[in-house]
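Below is query-v9.cif, which holds mmCIF, C-alpha atoms.
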```
data_start
loop_
_atom_site.label_atom_id
_atom_site.label_comp_id
_atom_site.auth_asym_id
_atom_site.auth_seq_id
_atom_site.Cartn_x
_atom_site.Cartn_y
_atom_site.Cartn_z
CA MET A 1 0.42 -5.75 -3.02
CA SER A 2 3.22 -3.21 -2.64
CA SER A 3 5.17 -1.34 -5.30
CA PRO A 4 8.51 -2.84 -6.29
CA VAL A 5 11.49 -0.91 -4.94
CA LEU A 6 14.47 -0.73 -7.23
CA LYS A 7 17.86 -1.62 -5.81
CA THR A 8 19.82 1.32 -7.26
CA PRO A 9 19.14 4.63 -9.05
CA LEU A 10 20.65 3.02 -12.15
CA HIS A 11 17.64 0.71 -12.40
CA ALA A 12 15.35 3.71 -11.98
CA LEU A 13 17.24 5.55 -14.74
CA LEU A 14 16.71 2.58 -17.08
CA LEU A 15 12.96 2.61 -16.41
CA LEU A 16 12.83 6.37 -17.01
CA LEU A 17 14.65 5.99 -20.32
CA ILE A 18 12.14 3.35 -21.45
CA ALA A 19 9.29 5.63 -20.38
CA MET A 20 10.78 8.54 -22.33
CA LEU A 21 11.19 6.43 -25.46
CA CYS A 22 7.54 5.36 -25.18
CA VAL A 23 6.34 8.95 -24.85
CA GLN A 24 8.43 10.13 -27.79
CA GLY A 25 7.29 7.18 -29.87
CA SER A 26 3.69 8.19 -29.26
CA GLY A 27 4.26 11.65 -30.72
CA SER A 28 3.63 10.58 -34.30
CA LEU A 29 0.34 8.94 -33.30
CA ALA A 30 -0.78 12.09 -31.48
CA LYS A 31 -0.03 14.21 -34.57
CA ILE A 32 -2.13 11.91 -36.72
CA LEU A 33 -5.06 12.19 -34.31
CA PHE A 34 -4.71 15.99 -34.02
CA GLN A 35 -5.68 16.20 -37.69
CA SER A 36 -9.09 14.64 -37.01
CA PHE A 37 -9.88 15.28 -33.34
CA PRO A 38 -9.78 18.25 -30.93
CA VAL A 39 -6.73 18.33 -28.66
CA LEU A 40 -8.68 17.82 -25.43
CA THR A 41 -10.54 14.87 -26.97
CA VAL A 42 -7.23 13.21 -27.82
CA SER A 43 -5.93 13.88 -24.30
CA ALA A 44 -9.11 12.61 -22.61
CA MET A 45 -9.33 9.44 -24.72
CA ARG A 46 -5.64 8.78 -24.18
CA LEU A 47 -6.21 8.73 -20.42
CA PHE A 48 -9.51 6.85 -20.79
CA PHE A 49 -8.04 3.91 -22.69
CA GLY A 50 -4.91 3.99 -20.54
CA ALA A 51 -7.02 3.73 -17.38
CA MET A 52 -9.11 0.89 -18.83
CA ILE A 53 -6.02 -1.08 -19.84
CA LEU A 54 -4.42 -0.68 -16.42
CA ALA A 55 -7.69 -1.51 -14.66
CA VAL A 56 -7.67 -4.93 -16.31
CA ILE A 57 -3.93 -5.60 -16.01
CA PHE A 58 -3.68 -4.63 -12.34
CA LYS A 59 -7.15 -5.89 -11.34
CA ILE A 60 -8.53 -2.66 -9.98
CA TRP A 61 -11.44 -4.57 -8.38
CA THR A 62 -8.97 -6.04 -5.84
CA ILE A 63 -8.24 -2.64 -4.30
CA ASN A 64 -9.25 -2.19 -0.68
CA PHE A 65 -10.86 1.22 -1.12
CA LYS A 66 -11.11 1.70 2.64
CA VAL A 67 -7.34 2.24 2.89
CA VAL A 68 -7.06 4.56 -0.11
CA ARG A 69 -5.76 8.03 0.76
CA TRP A 70 -7.98 9.93 -1.62
CA LYS A 71 -6.33 13.30 -1.11
CA ALA A 72 -3.07 11.96 -2.54
CA ILE A 73 -4.88 10.13 -5.36
CA LEU A 74 -6.95 13.17 -6.32
CA THR A 75 -3.90 15.44 -6.37
CA TYR A 76 -2.01 12.94 -8.51
CA GLY A 77 -4.92 12.54 -10.95
CA VAL A 78 -5.57 16.26 -11.36
CA ALA A 79 -1.85 16.91 -11.89
CA LEU A 80 -1.72 14.14 -14.49
CA ALA A 81 -4.73 15.55 -16.37
CA GLY A 82 -3.37 19.09 -16.33
CA MET A 83 0.11 18.00 -17.40
CA ASN A 84 -1.22 16.16 -20.46
CA ALA A 85 -3.95 18.53 -21.58
CA LEU A 86 -1.98 21.76 -21.14
CA PHE A 87 1.08 20.40 -22.96
CA TYR A 88 -1.04 19.28 -25.92
CA LEU A 89 -2.68 22.73 -25.98
CA SER A 90 0.76 24.37 -26.02
CA LEU A 91 1.75 22.28 -29.05
CA GLU A 92 -1.07 23.95 -31.01
CA ARG A 93 0.65 27.31 -30.61
CA LEU A 94 4.37 26.58 -30.11
CA PRO A 95 7.00 24.48 -31.87
CA LEU A 96 7.81 21.27 -30.00
CA GLY A 97 11.25 22.48 -28.92
CA LEU A 98 9.89 25.65 -27.37
CA ALA A 99 7.00 23.87 -25.66
CA VAL A 100 9.32 21.28 -24.09
CA ALA A 101 11.79 23.96 -22.97
CA PHE A 102 9.10 25.96 -21.17
CA GLU A 103 7.46 22.86 -19.71
CA PHE A 104 10.70 21.74 -18.10
CA ILE A 105 10.70 24.77 -15.83
CA GLY A 106 8.44 22.63 -13.61
CA PRO A 107 10.57 19.53 -12.91
CA LEU A 108 13.77 21.58 -12.78
CA SER A 109 12.20 23.85 -10.18
CA VAL A 110 11.46 20.77 -8.06
CA ALA A 111 15.05 19.59 -8.47
CA LEU A 112 16.47 22.99 -7.54
CA TYR A 113 14.16 23.29 -4.51
CA HIS A 114 15.40 19.96 -3.13
CA ALA A 115 19.07 20.66 -3.84
CA ARG A 116 21.07 20.53 -0.61
CA GLN A 117 24.68 19.58 -1.40
CA LYS A 118 27.13 21.35 -3.69
CA TYR A 119 27.01 18.50 -6.21
CA ASP A 120 23.24 18.83 -6.39
CA PHE A 121 23.55 22.42 -7.64
CA ILE A 122 26.21 21.38 -10.16
CA TRP A 123 23.98 18.73 -11.76
CA VAL A 124 20.88 20.93 -11.75
CA GLY A 125 22.96 23.76 -13.20
CA CYS A 126 24.22 21.47 -15.98
CA ALA A 127 20.67 20.42 -16.77
CA ILE A 128 19.53 24.06 -16.96
CA LEU A 129 22.49 24.95 -19.19
CA GLY A 130 21.67 22.03 -21.45
CA LEU A 131 18.04 23.10 -21.78
CA VAL A 132 19.11 26.66 -22.59
CA LEU A 133 21.45 25.38 -25.31
CA LEU A 134 18.67 23.16 -26.65
CA PHE A 135 16.33 26.15 -26.88
CA PRO A 136 15.68 26.97 -30.59
CA LEU A 137 16.80 30.60 -30.58
CA GLN A 138 16.11 31.03 -34.30
CA GLN A 139 12.43 30.29 -33.72
CA ALA A 140 12.34 32.45 -30.60
CA GLN A 141 13.38 35.47 -32.70
CA GLN A 142 10.15 35.18 -34.67
CA GLY A 143 8.10 35.99 -31.58
CA LEU A 144 6.31 33.79 -29.10
CA ASP A 145 2.65 33.03 -28.70
CA LEU A 146 2.11 34.13 -25.10
CA ILE A 147 -0.93 31.91 -24.65
CA GLY A 148 1.11 28.94 -25.84
CA VAL A 149 3.87 29.86 -23.41
CA LEU A 150 1.31 30.07 -20.60
CA PHE A 151 -0.02 26.60 -21.50
CA ALA A 152 3.52 25.13 -21.53
CA VAL A 153 4.55 26.73 -18.22
CA SER A 154 1.26 25.61 -16.65
CA ALA A 155 1.93 22.08 -17.90
CA GLY A 156 5.33 22.32 -16.19
CA ALA A 157 3.66 23.36 -12.94
CA CYS A 158 1.38 20.32 -13.18
CA TRP A 159 4.44 18.18 -13.87
CA ALA A 160 6.07 19.48 -10.69
CA LEU A 161 2.92 18.63 -8.75
CA TYR A 162 2.88 15.19 -10.42
CA ILE A 163 6.42 14.50 -9.17
CA ILE A 164 5.57 15.53 -5.62
CA ALA A 165 2.18 13.79 -5.54
CA GLY A 166 3.66 10.59 -6.98
CA GLN A 167 5.85 10.21 -3.90
CA LYS A 168 3.06 10.73 -1.39
CA PRO A 169 1.83 7.53 0.28
CA SER A 170 -1.52 6.61 -1.24
CA GLY A 171 -2.34 3.57 0.91
CA ILE A 172 -2.23 1.26 -2.12
CA SER A 173 0.36 -0.04 -4.58
CA GLY A 174 2.03 2.23 -7.11
CA ASN A 175 0.31 0.39 -9.96
CA HIS A 176 -3.11 0.92 -8.44
CA THR A 177 -2.19 4.56 -7.72
CA VAL A 178 -1.46 5.12 -11.40
CA CYS A 179 -4.69 3.37 -12.39
CA LEU A 180 -6.91 5.40 -10.05
CA GLY A 181 -5.03 8.62 -10.78
CA MET A 182 -5.41 8.13 -14.52
CA SER A 183 -9.11 7.44 -14.06
CA ILE A 184 -9.50 10.70 -12.15
CA GLY A 185 -7.54 12.57 -14.79
CA MET A 186 -9.76 11.09 -17.49
CA LEU A 187 -12.89 12.19 -15.61
CA CYS A 188 -11.49 15.73 -15.42
CA LEU A 189 -11.07 15.90 -19.20
CA LEU A 190 -14.02 13.78 -20.33
CA PRO A 191 -16.58 16.65 -20.20
CA PHE A 192 -14.47 18.63 -22.68
CA ALA A 193 -14.27 15.59 -24.97
CA LEU A 194 -18.05 15.02 -24.79
CA PHE A 195 -18.69 18.70 -25.51
CA SER A 196 -16.58 18.51 -28.68
CA GLY A 197 -18.98 15.94 -30.15
CA ALA A 198 -16.19 13.85 -31.64
CA VAL A 199 -16.21 10.98 -29.14
CA ASP A 200 -18.43 8.78 -31.32
CA ARG A 201 -15.76 8.74 -34.04
CA VAL A 202 -13.17 7.43 -31.57
CA LEU A 203 -14.70 3.94 -31.79
CA GLU A 204 -14.46 3.89 -35.58
CA LEU A 205 -11.66 1.89 -37.19
CA PRO A 206 -8.78 2.61 -37.59
CA ASN A 207 -9.18 5.47 -35.08
CA LEU A 208 -9.74 3.00 -32.24
CA TYR A 209 -6.41 1.29 -32.95
CA TYR A 210 -4.62 4.64 -32.92
CA PHE A 211 -6.12 5.64 -29.58
CA ILE A 212 -5.31 2.30 -27.95
CA GLY A 213 -1.74 2.51 -29.22
CA LEU A 214 -1.48 6.09 -27.97
CA ALA A 215 -2.84 5.07 -24.57
CA ILE A 216 -0.25 2.31 -24.19
CA LEU A 217 2.77 4.28 -25.40
CA ALA A 218 1.92 7.69 -23.97
CA SER A 219 0.10 6.86 -20.72
CA ALA A 220 -0.27 3.32 -19.42
CA LEU A 221 3.31 2.08 -19.81
CA PRO A 222 5.37 5.25 -19.13
CA PHE A 223 3.33 6.41 -16.12
CA THR A 224 3.60 2.96 -14.56
CA LEU A 225 7.37 2.92 -15.07
CA GLU A 226 7.67 6.45 -13.68
CA MET A 227 5.67 5.51 -10.60
CA ILE A 228 8.06 2.62 -9.90
CA ALA A 229 11.06 4.91 -10.43
CA LEU A 230 9.56 7.63 -8.22
CA ARG A 231 9.48 5.25 -5.25
CA SER A 232 13.26 4.78 -5.56
CA LEU A 233 14.36 8.36 -6.32
CA THR A 234 14.33 11.68 -4.50
CA PRO A 235 12.47 14.62 -6.08
CA LEU A 236 15.90 16.13 -6.84
CA SER A 237 17.04 13.03 -8.71
CA PHE A 238 13.76 12.58 -10.59
CA GLY A 239 13.57 16.24 -11.61
CA THR A 240 17.15 16.23 -12.87
CA LEU A 241 16.93 12.86 -14.63
CA MET A 242 13.74 13.88 -16.41
CA SER A 243 15.77 16.62 -18.11
CA LEU A 244 16.82 13.79 -20.44
CA GLU A 245 13.36 14.06 -22.03
CA PRO A 246 14.17 16.88 -24.50
CA ALA A 247 17.47 15.17 -25.27
CA VAL A 248 15.60 11.97 -26.14
CA ALA A 249 13.17 14.02 -28.22
CA ALA A 250 16.00 15.72 -30.13
CA LEU A 251 17.78 12.43 -30.78
CA SER A 252 14.52 10.80 -31.91
CA GLY A 253 13.96 13.63 -34.35
CA PHE A 254 17.50 13.23 -35.68
CA ILE A 255 17.29 9.43 -36.06
CA PHE A 256 13.68 8.92 -37.22
CA LEU A 257 12.76 12.25 -38.83
CA GLY A 258 16.12 13.32 -40.24
CA GLU A 259 16.07 16.60 -38.29
CA VAL A 260 19.54 18.19 -38.32
CA LEU A 261 20.90 19.25 -34.93
CA LEU A 262 22.97 22.40 -34.59
CA TRP A 263 26.31 22.33 -32.76
CA ASN A 264 24.79 23.98 -29.69
CA GLN A 265 22.07 21.31 -29.58
CA TRP A 266 24.66 18.49 -29.67
CA LEU A 267 26.47 20.29 -26.84
CA ALA A 268 23.16 20.51 -25.01
CA LEU A 269 22.63 16.77 -25.27
CA GLY A 270 26.08 16.08 -23.83
CA THR A 271 25.54 18.54 -20.98
CA ILE A 272 22.15 17.08 -20.05
CA ILE A 273 23.48 13.51 -20.19
CA ILE A 274 26.40 14.47 -17.93
CA ALA A 275 23.95 16.03 -15.47
CA SER A 276 21.76 12.91 -15.42
CA ILE A 277 24.67 10.50 -15.02
CA GLY A 278 26.27 12.65 -12.33
CA CYS A 279 23.00 12.97 -10.42
CA THR A 280 22.48 9.21 -10.58
CA PHE A 281 25.92 8.30 -9.26
CA THR A 282 26.07 10.94 -6.51
CA THR A 283 22.60 9.90 -5.32
CA GLN A 284 23.68 6.27 -5.22
CA HIS A 285 26.88 7.20 -3.36
CA ALA A 286 24.96 9.28 -0.81
CA ARG A 287 22.56 6.37 -0.24
CA GLN A 288 25.45 3.96 0.32
CA GLN A 289 27.08 6.36 2.78
CA LYS A 290 23.83 6.65 4.70
CA GLU A 291 23.48 2.86 4.88
CA VAL A 292 27.05 2.54 6.22
CA LYS A 293 26.31 5.00 9.00
#
```
Have the structure of the file written as structure tokens, please.
Amino acid sequence: MSSPVLKTPLHALLLLLIAMLCVQGSGSLAKILFQSFPVLTVSAMRLFFGAMILAVIFKIWTINFKVVRWKAILTYGVALAGMNALFYLSLERLPLGLAVAFEFIGPLSVALYHARQKYDFIWVGCAILGLVLLFPLQQAQQGLDLIGVLFAVSAGACWALYIIAGQKPSGISGNHTVCLGMSIGMLCLLPFALFSGAVDRVLELPNLYYFIGLAILASALPFTLEMIALRSLTPLSFGTLMSLEPAVAALSGFIFLGEVLLWNQWLALGTIIIASIGCTFTTQHARQQKEVK
């Protein structure tokens, strides 16, 4: 079974938007669980239930393990575990806006590294400008928790590795890659969860429902959609398009939480959206030109 290949970057953009909405929708669940469970326990159980759900849906027992390229799978799984755990740890010490801004140094670095044409630099530059405008300067004036910044930047580095590893051939379908990678990520974090001594309470109701919902919204569904999109996008396109994430977060806060956006933040949203749309269309045009030749 091979991964589906999307016909145009527009289809990939749609999948990424759905994935972003799922991740942002899971934020409220994560905050509820943070009140009762250690951060690493929440992160480990999120990956655990996500891996179990995908194992059943995609029939992990049908994998031909002889053809699996374990180096690619291991890299993908470790990157996934680091990305999730480190970002959650940063949220303990930083406001969400600051944590997201620092984390996005990772995917934007990937996009900038793969920039080759003049339009590439324009779109990446627009995305960087948008993130700078989205940065909550008022909070930054109060001083930053350096450990929190380190966690967020490290999460961004894992995100960059996740983008690169997700495009490496794994010998199996993208769905099975996500399933095995999530299982490896869960195994990386499970010792921390077991050490916390709170795992037994995970199975209690209604905690179990919360964790299953978190696993679906924050891991199983978005990572699967991202894997499909990754197979149809360049690292440049994916890194630039993912800059929509803080824009989606800001809009979600405005719509669902009543958070008021400043003028510079509205300008940031417009700049980031322009960068994502421009990157999508120029990538599609370049692909069409290549096919003609």
I'd like the contact shell of region 33-42 of chain A - 8 Å cut-off, all atoms listed in the file, skipping same-chain residues fewer than 3 positions apart - returned as a ChimeraX atom specification. /A:29-30,45-46,85,88-89,189-190,192-194,196,198-199,207,210-211
Store the residues of this selection in a file with C-alpha atoms, as a PDB file, keeping the file's coordinate frame.
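For reference, result.pdb as written:
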```pdb
ATOM      1  CA  LEU A  29       0.340   8.940 -33.300  1.00  0.00           C
ATOM      2  CA  ALA A  30      -0.780  12.090 -31.480  1.00  0.00           C
ATOM      3  CA  MET A  45      -9.330   9.440 -24.720  1.00  0.00           C
ATOM      4  CA  ARG A  46      -5.640   8.780 -24.180  1.00  0.00           C
ATOM      5  CA  ALA A  85      -3.950  18.530 -21.580  1.00  0.00           C
ATOM      6  CA  TYR A  88      -1.040  19.280 -25.920  1.00  0.00           C
ATOM      7  CA  LEU A  89      -2.680  22.730 -25.980  1.00  0.00           C
ATOM      8  CA  LEU A 189     -11.070  15.900 -19.200  1.00  0.00           C
ATOM      9  CA  LEU A 190     -14.020  13.780 -20.330  1.00  0.00           C
ATOM     10  CA  PHE A 192     -14.470  18.630 -22.680  1.00  0.00           C
ATOM     11  CA  ALA A 193     -14.270  15.590 -24.970  1.00  0.00           C
ATOM     12  CA  LEU A 194     -18.050  15.020 -24.790  1.00  0.00           C
ATOM     13  CA  SER A 196     -16.580  18.510 -28.680  1.00  0.00           C
ATOM     14  CA  ALA A 198     -16.190  13.850 -31.640  1.00  0.00           C
ATOM     15  CA  VAL A 199     -16.210  10.980 -29.140  1.00  0.00           C
ATOM     16  CA  ASN A 207      -9.180   5.470 -35.080  1.00  0.00           C
ATOM     17  CA  TYR A 210      -4.620   4.640 -32.920  1.00  0.00           C
ATOM     18  CA  PHE A 211      -6.120   5.640 -29.580  1.00  0.00           C
TER      19      PHE A 211
END
```
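Proximity to Ser232 (chain A) was assessed for A:Gly166, A:Met52, A:Trp159, A:Phe121 counting all atoms listed in the file; the smallest distance is recorded for A:Gly166.
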Target residues per the PyMOL selection byres ((chain A and resi 150) around 10), formatted as number ranges by chain: A: 86-87, 89-90, 99, 102-103, 145-149, 151-156
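In this model, the gap between CA of Ile212 (chain A) and CA of Val56 (chain A) comes to 13.9 Å.
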Out of A:Val110, A:Ile57, A:Ile273, A:Val178, which residue has the shortest atom-to-atom distance to Pro222 (chain A) when counting all atoms listed in the file?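 Ranked by minimum distance to Pro222 (chain A), first place goes to A:Val178.
With all atoms listed in the file as the basis for measurement, A:Ala72 is the residue among A:Ala229, A:Leu208, A:Leu214, A:Ala72 that approaches Gly181 (chain A) most closely.
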Between A:Met227, A:Leu205, A:Ile164, A:Leu133, which residue has the minimum interatomic distance to Gly270 (chain A), considering only C-alpha atoms?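 The answer is A:Leu133, which sits nearest to Gly270 (chain A).
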Report the centre and edge lengths, in Å to one decimal, of an axis-aligned box enclosing every atom of region 269-278 of chain A listed in the file, padded by 3 Å on each side, as AutoDock Vina command-line options.
```
--center_x 24.1 --center_y 14.5 --center_z -18.8 --size_x 10.6 --size_y 14.0 --size_z 18.9
```
Any chance you could work out the residue set of the PyMOL selection byres ((chain A and resi 81) around 9) here, as a PDB file with C-alpha atoms, in the frame of the given file?
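Below is the file that was written, expr-v7.pdb:
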```pdb
ATOM      1  CA  SER A  43      -5.930  13.880 -24.300  1.00  0.00           C
ATOM      2  CA  ALA A  44      -9.110  12.610 -22.610  1.00  0.00           C
ATOM      3  CA  LEU A  47      -6.210   8.730 -20.420  1.00  0.00           C
ATOM      4  CA  TYR A  76      -2.010  12.940  -8.510  1.00  0.00           C
ATOM      5  CA  GLY A  77      -4.920  12.540 -10.950  1.00  0.00           C
ATOM      6  CA  VAL A  78      -5.570  16.260 -11.360  1.00  0.00           C
ATOM      7  CA  ALA A  79      -1.850  16.910 -11.890  1.00  0.00           C
ATOM      8  CA  LEU A  80      -1.720  14.140 -14.490  1.00  0.00           C
ATOM      9  CA  GLY A  82      -3.370  19.090 -16.330  1.00  0.00           C
ATOM     10  CA  MET A  83       0.110  18.000 -17.400  1.00  0.00           C
ATOM     11  CA  ASN A  84      -1.220  16.160 -20.460  1.00  0.00           C
ATOM     12  CA  ALA A  85      -3.950  18.530 -21.580  1.00  0.00           C
ATOM     13  CA  LEU A  86      -1.980  21.760 -21.140  1.00  0.00           C
ATOM     14  CA  CYS A 158       1.380  20.320 -13.180  1.00  0.00           C
ATOM     15  CA  GLY A 181      -5.030   8.620 -10.780  1.00  0.00           C
ATOM     16  CA  MET A 182      -5.410   8.130 -14.520  1.00  0.00           C
ATOM     17  CA  ILE A 184      -9.500  10.700 -12.150  1.00  0.00           C
ATOM     18  CA  GLY A 185      -7.540  12.570 -14.790  1.00  0.00           C
ATOM     19  CA  MET A 186      -9.760  11.090 -17.490  1.00  0.00           C
ATOM     20  CA  LEU A 187     -12.890  12.190 -15.610  1.00  0.00           C
ATOM     21  CA  CYS A 188     -11.490  15.730 -15.420  1.00  0.00           C
ATOM     22  CA  LEU A 189     -11.070  15.900 -19.200  1.00  0.00           C
TER      23      LEU A 189
END
```
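Between CA of Cys22 (chain A) and CA of Leu217 (chain A) there is a distance of 4.9 Å.
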